[in-house]
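Engineer: Take a look at this one; I'll ask things after.
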Amino acid sequence: MSKNTPATKKQEDATQDRGIVSESERRTPVGRAGMSVLNIIIFAFLALGSLFPLIWLTKAAISTSNDTLRDPLAWWPSGIQWDNIARAWKLIDIGGATLNTVWIALGTWFFTVVVALTAGYVISVLRPKYAKLLMAGVMLMLFTPGVVLLVPLYLTVLSVPGLQVNLLNTFWAVWLPSAANAFIVLLVKSFFDGLPRELFEAARVDGANTFQVFWSIVLPMSRPVIAVVSLLTIMGAWKEFLWPLLVLPSPKLFPLSVVLADVAERVDTGTLIAGMTLSIIVPLVAFIVFHKQLIRSAGHMGGVKG
Amino acid sequence: MATVETPRSRLSVQTVHPPRSKRSVRGWVRRGGIGALLFSLPLIIVFGLFAWWPLLRSLPLSVQKTNLVTEPTFVWFDNFARVLADPLLGTAILNTTWYVVLGVVFGFPLPILLAASIRELRRLRGLASVLVYLPVILPPVVSVLLWKQLYNPEPTGLLNTVVGWFGIGPLPWLQSAETAMPSLVIHAIWSGCGGAVVIYLAALVAVPGELYEAAELDGAGVFRRAWHITIPQLRRVILLMLLLQVIGTFQVFTEPFVMTGGGPNNSTLTVLMLVFRYAFGGASDFGKASALSLLLALFLALLSFVYVRLSRRWAE
């Protein structure tokens, strides 16, 4: 009896969740064999395609350059070499580049979140007359291909209109253009659209002003969307290459991607691979910790991006 | 901080003198106008300076001579004429189109197939989606440099060892004009597949199970169900993903830039790399670069327009 209830529930879940192959087909001998084969094919494919290159990268990071070039599939024919890591640290300055990348990611995250939350609040909740205009301006950028902005944005960074400052070789040159992220603004705006309006109106009637409503009602309720936006912007900032390459020409400010591309032809294979391996530790750990949230947000919102 | 009046006082104000205060500055302030404006400032400043202003500027830039040394002067269509006269433009267009076509033909169906297969898994679906997403986590530069190692053209290179087991090669991979672009595409498929799979997986959850049930009762086998239900149910996502992939790959830059630098013999030079060369390759010819950017953007806009028009019938 007690065994029966979870079993029925499980079956119900399965019918709710059915895909192409039905429950009864899965129970036939052919269905069972077919599903086993499918499992094996998928995981063999993924192990070979996704896992193997990363394992090889880690293996090559502690192999001699000679081993990696001569016999890339052998497990350390001439022993494990930890020197690569030390040399990557010294020759490529992975430590400094990691700090730069962290700094770029944090600033990008901060400004993107501030712009998206305030803009979402104005467009979705406050709705002044010009909100439609702001929304149109954001939509316009969603449909603008990145290539159009490359040159004029670079020239803007060289001399910001109205301020006449040159942001070249400052992190502001990465932070502020990245914060103009139409996709993220729309993401937050549509999240705010789903919040109950009565809540804001009740707070208003109780005497809360615009700022208080934002601080004590909107912000605490935005935690899920802030989490998604944080993941997307920080992972995105870690991947950035072309823009930092252009606006941070001083080697002292190079983030990981730029420094690795810069030294790729100049250092030996072992050192380069060690540097590459060190540079992906942070995104990998972040992925392992947040894989559920990241995959869910990438799945639901990735389709809107572009 | 901001002392903005509440709706309650707005109500009382309106009952005292309704018509005037509604339009006056004081009425605007009382209705929370300053608060809304303050909250709009981050968007207006950041988008104004770093999105709308550059977008507006892209037009005059393309008809001016700008090199940062002398004052910009209007040269009208001279930039466009010089772009069109560049013998490398044809090469770049052909290369980029080849890259897009190869990516669509070999890279587009794979994530759909993978997602539909992973969807059928019962227990290990979570693990499969984590594994499939793993390459997407890598920064593009790292994944390009990793594949550059795999593409080592020596007979002892990793991929050459593997194809050697099947009696093929050794292949020159990135070192020859014929194989360089297909090699770039293989890498692009590898690094982009996971992102698409995750999107299709999310869309597959929304396919109603009753449709499969009805088809099964009608005697449709597994593959016919996949073809006649799964694919049509995903059509909106499929159409959107195809457009996004085409728009994205027409603007490819980082991969050829880091992997081959456009070589060998300009066989992997793309349109965006040409833009980069004009502007940042020493000549600082920003006008020419803007002109080519605009041409590419116009082409992409036209392509999207035609595509949406043509695909509308299937989407509905």
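Every chain in the structure tokens takes a letter, A first, then B, and so on in the order presented; its residues are numbered from 1, and the ligands are numbered from 1 following the presented order.
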What residues in chain B lie within 7 Å of chain A, counting only C-alpha atoms, written as a PyMOL selection string?
Structural biologist: chain B and resi 2+4-8+32+35-36+39-40+42-43+46-47+50-51+54-55+57-58+119-120+130-132+134-135+137-142+156-158+198-199+202+209+212+222+225-226+241+244+251+254+258+286+290+293-294+297
Engineer: Near Thr73 (chain B), counting only C-alpha atoms, which residues have an atom at most 8 Å away, once you skip same-chain residues fewer than 5 positions from it, shown as a PyMOL selection string?
Structural biologist: chain B and resi 64-66
Engineer: How many Å separate CA of Trp227 (chain B) from CA of Val197 (chain B)?
Structural biologist: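 Atom-to-atom, CA of Trp227 (chain B) to CA of Val197 (chain B), that is 17.5 Å.
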Engineer: What is the CA of Ala92 (chain B) to CA of Gly263 (chain B) distance in Å?
Structural biologist: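 Atom-to-atom, CA of Ala92 (chain B) to CA of Gly263 (chain B), that is 11.4 Å.
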Engineer: Just the residues within 12 Å of Asn66 (chain A), please, counting only C-alpha atoms, with nothing from its chain fewer than 6 positions along; format it as a ChimeraX atom specification.
Structural biologist: /A:60,72,74,76-79,81,268-271 /B:156-157
Engineer: Could you write out that same residue set with C-alpha atoms as a PDB file, in the first residue's frame?
Structural biologist:
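Final output, saved to result-v5.pdb:
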ATOM      1  CA  ALA A  60      48.521  18.901 -21.306  1.00  0.00           C
ATOM      2  CA  PRO A  72      49.181  14.055 -27.464  1.00  0.00           C
ATOM      3  CA  ALA A  74      49.656   9.476 -24.047  1.00  0.00           C
ATOM      4  CA  TRP A  76      52.700  11.668 -19.303  1.00  0.00           C
ATOM      5  CA  PRO A  77      55.360   9.496 -21.029  1.00  0.00           C
ATOM      6  CA  SER A  78      58.063  11.661 -19.446  1.00  0.00           C
ATOM      7  CA  GLY A  79      56.374  12.421 -16.171  1.00  0.00           C
ATOM      8  CA  GLN A  81      55.537  18.635 -15.147  1.00  0.00           C
ATOM      9  CA  ASP A 268      55.952  27.310 -25.520  1.00  0.00           C
ATOM     10  CA  THR A 269      52.962  24.960 -25.779  1.00  0.00           C
ATOM     11  CA  GLY A 270      53.110  23.708 -22.194  1.00  0.00           C
ATOM     12  CA  THR A 271      53.132  27.200 -20.704  1.00  0.00           C
TER      13      THR A 271
ATOM     14  CA  THR B 156      51.535  13.461 -34.445  1.00  0.00           C
ATOM     15  CA  GLY B 157      48.845  16.142 -33.890  1.00  0.00           C
TER      16      GLY B 157
END
Engineer: Determine which residues of region 43-157 of chain B DSSP labels as alpha helix (DSSP H) from the backbone of this structure, then write them out as number ranges by chain.
Structural biologist: B: 43-47, 53-62, 78-85, 87-102, 109-119, 125-137, 140-150
Engineer: How far is it from CA of Ile231 (chain B) to CA of Arg26 (chain A), in Å with one decimal?
Structural biologist: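 Interatomic distance here is 21.6 Å.
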Engineer: I'd like a table as CSV: residues in region 63-109 of chain A with an atom no more than 12 Å from region 222-231 of chain A, each row giving the shortest atom pair and its distance in Å to one decimal, only C-alpha atoms counted, sorted by chain and rising residue number.
Structural biologist:
residue,atom,partner,partner_atom,distance
A:Ala105,CA,A:Ser230,CA,9.7
A:Leu106,CA,A:Ser230,CA,9.3
A:Gly107,CA,A:Ser230,CA,11.2
A:Thr108,CA,A:Ser230,CA,9.6
A:Trp109,CA,A:Ser230,CA,6.2
Engineer: Please extract the residues of region 2-127 of chain B with a backbone DSSP assignment of strand (DSSP E or B) and present them as a PyMOL selection string.
Structural biologist: chain B and resi 64-65+73-74
